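Everything on this sheet refers to the single structure shown next.
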Amino acid sequence: MSEAAPSAPSDVLMIERAEQLKALGHPLRLRVLEMLGGEGEEPLTNRELAQHLHFHVKMLLRAGLIERAGGGKGREKPYRSVATTVRVAPQLLSSHLTSDLQAAMLDEVRRAFESRSEGKFRSAQVTARVTPEQALDLITDLVEKARKLEDLKLDPLVITAALHPPTSR
């Protein structure tokens, strides 16, 4: 990876390689990406990201999901996300490679549901007759609206959206 100071993160990174998808398959790596991917977020050093995340930082770096940011002194190496939003290419979504990512997301939702997250857990489900592309547009709109409403003074909330055909009729 380049040591030069790269430009600001792009809005969207399309996940097109299995290596990238695999890097997202662990909750700690998702957390690193979240910490580095907020709009307006300052780059963090590897020390600031915490020493126990080092392995996951290296995996995200090798997969091209994060990059070195400019600056830093000595062993202090700032990193940042390469994009504020990550999307997975359709061909990877239809493969068996998404199982780790799905499991991590479902586990996080399950743990939040079980703890009721101090009264902050909310859920909703709707069945709609729309195309998969329209459903993806709805999720994209949700992500974009959440980014616009974001207040860095507030504690973060995880918003998980999934779309699938009904499992029974």
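Note on naming: chains are A, B, ... as they come in the structure tokens, residues start from 1 per chain, ligands start from 1 in the order shown.
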
I want to know what sits within 9 Å of A:Ala89, based on only C-alpha atoms, with residues of the same chain fewer than 4 positions away left out; could you give that as a ChimeraX atom specification?
/A:14-17,93

Given the selection you just returned, output its residues as a file containing N, CA, C and O atoms, formatted as a compact mmCIF listing (two decimals), in the first residue's frame.
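Saved file again_24.txt follows:
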```txt
# COMPACT_ATOMS: atom_id res chain seq x y z
N MET A 14 -17.36 -0.48 -4.02
CA MET A 14 -18.02 -1.71 -4.42
C MET A 14 -17.10 -2.88 -4.11
O MET A 14 -15.97 -2.94 -4.60
N ILE A 15 -17.55 -3.78 -3.26
CA ILE A 15 -16.78 -4.98 -2.93
C ILE A 15 -16.88 -5.93 -4.11
O ILE A 15 -17.96 -6.38 -4.46
N GLU A 16 -15.74 -6.23 -4.73
CA GLU A 16 -15.71 -7.06 -5.93
C GLU A 16 -14.81 -8.27 -5.78
O GLU A 16 -14.81 -9.14 -6.64
N ARG A 17 -14.03 -8.33 -4.71
CA ARG A 17 -13.09 -9.44 -4.53
C ARG A 17 -13.45 -10.23 -3.28
O ARG A 17 -13.85 -9.66 -2.26
N LEU A 93 -22.53 -11.52 -3.52
CA LEU A 93 -23.69 -11.72 -2.67
C LEU A 93 -24.35 -13.07 -2.93
O LEU A 93 -24.89 -13.69 -2.03
```

Who sits within 6 Å of A:Leu44, only C-alpha atoms, same chain under 2 positions skipped, as a ChimeraX atom specification:
/A:48,78-79

Atoms kept (C-alpha atoms) for selection, written as a CSV table (one decimal), in the first residue's frame:
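What landed in again38.csv:
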```
chain,number,residue,atom,x,y,z
A,48,GLU,CA,-5.4,4.6,18.8
A,78,PRO,CA,-2.7,6.6,10.9
A,79,TYR,CA,-5.3,4.7,8.8
```

Helix (DSSP H, G or I) per DSSP on the backbone: members of stretch 10-118 of chain A, as a PyMOL selection string
chain A and resi 18-23+27-37+46-49+51-62+90-93+96-118

Taking the chain letters and numbering used in this document, name the residues of chain A that DSSP puts in strand (DSSP E), as a VMD selection string.
chain A and resid 10 to 15 44 to 45 66 to 68 78 to 81 83 to 88

Using only C-alpha atoms for the distances, tell me which of A:His164, A:Arg68, A:Arg29, A:Arg47 is nearest to A:Arg129.
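Closest to A:Arg129, using only C-alpha atoms: A:His164.
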
Set the distance at 12 Å and use only C-alpha atoms: which residues neighbour stretch 100-116 of chain A once local chain neighbours fewer than 5 positions away are removed? I'd like the list as a list in words.
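Near neighbours after the sequence-gap exclusion: Ala18, Gln20, Leu21, Lys22, Ala23, Leu24, Gly25, His26, Pro27, Leu28, Arg29, Leu30, Arg31, Val88, Leu92, Leu93, Ser95, Phe121, Arg122, Ser123, Leu157, Val158, Ile159, Thr160, Ala161 and Ala162 of chain A.
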
Export of prior selection with C-alpha atoms as a short mmCIF file (atom, residue, chain, number, x, y, z; two decimals), in the first residue's frame:
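Result file is selection.cif:
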```cif
data_model
loop_
_atom_site.label_atom_id
_atom_site.label_comp_id
_atom_site.auth_asym_id
_atom_site.auth_seq_id
_atom_site.Cartn_x
_atom_site.Cartn_y
_atom_site.Cartn_z
CA ALA A 18 -13.61 -12.41 -2.24
CA GLN A 20 -12.51 -7.95 0.61
CA LEU A 21 -15.69 -9.77 1.56
CA LYS A 22 -13.78 -12.16 3.81
CA ALA A 23 -12.14 -9.18 5.56
CA LEU A 24 -15.60 -7.93 6.50
CA GLY A 25 -16.55 -11.28 8.05
CA HIS A 26 -15.50 -10.52 11.61
CA PRO A 27 -17.16 -8.05 14.00
CA LEU A 28 -13.82 -6.52 15.06
CA ARG A 29 -12.87 -5.75 11.47
CA LEU A 30 -16.30 -4.24 10.93
CA ARG A 31 -15.71 -2.11 14.02
CA VAL A 88 -20.93 -5.89 -2.08
CA LEU A 92 -20.32 -12.07 -4.39
CA LEU A 93 -23.69 -11.72 -2.67
CA SER A 95 -21.86 -16.84 -3.53
CA PHE A 121 -33.50 -1.65 20.30
CA ARG A 122 -36.15 -1.08 17.65
CA SER A 123 -37.11 -3.28 14.74
CA LEU A 157 -26.53 3.26 16.71
CA VAL A 158 -26.21 0.27 14.38
CA ILE A 159 -28.86 0.21 11.65
CA THR A 160 -29.03 -3.21 10.00
CA ALA A 161 -31.05 -3.65 6.82
CA ALA A 162 -31.55 -6.88 4.94
#
```

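For A:Lys77, the non-local neighbours within 6 Å, defined as residues at least 4 positions apart in the same chain or in other chains and counting only C-alpha atoms, are Thr45, Asn46 and Gly72 of chain A.
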
Those same residues, written as a PDB file, in the first residue's frame with N, CA and C atoms?
```pdb
ATOM      1  N   THR A  45      -4.404   6.526  14.520  1.00  0.00           N
ATOM      2  CA  THR A  45      -3.161   5.758  14.469  1.00  0.00           C
ATOM      3  C   THR A  45      -3.458   4.321  14.855  1.00  0.00           C
ATOM      4  N   ASN A  46      -2.524   3.448  14.522  1.00  0.00           N
ATOM      5  CA  ASN A  46      -2.705   2.059  14.904  1.00  0.00           C
ATOM      6  C   ASN A  46      -2.766   1.905  16.425  1.00  0.00           C
ATOM      7  N   GLY A  72       1.691  10.872  10.977  1.00  0.00           N
ATOM      8  CA  GLY A  72       2.160   9.852  11.895  1.00  0.00           C
ATOM      9  C   GLY A  72       3.642   9.996  12.152  1.00  0.00           C
TER      10      GLY A  72
END
```

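Compared by their closest atoms to A:Leu49, and using only C-alpha atoms, the residues A:Met35, A:Ala135, A:Leu163, A:Leu61 rank with A:Met35 nearest.
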
Å distance separating atom CA of A:Pro165 from atom CA of A:Glu133, one decimal place:
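These atoms are spaced 13.3 Å apart.
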
Considering only C-alpha atoms, can you say which of A:Leu149, A:Ala50, A:Leu13, A:Val130 comes closest to A:Val82?
A:Leu13

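The residue that comes closest to A:Asp11, out of A:Leu36, A:Ala128, A:Val86, A:Leu142 and on the basis of only C-alpha atoms, is A:Val86.
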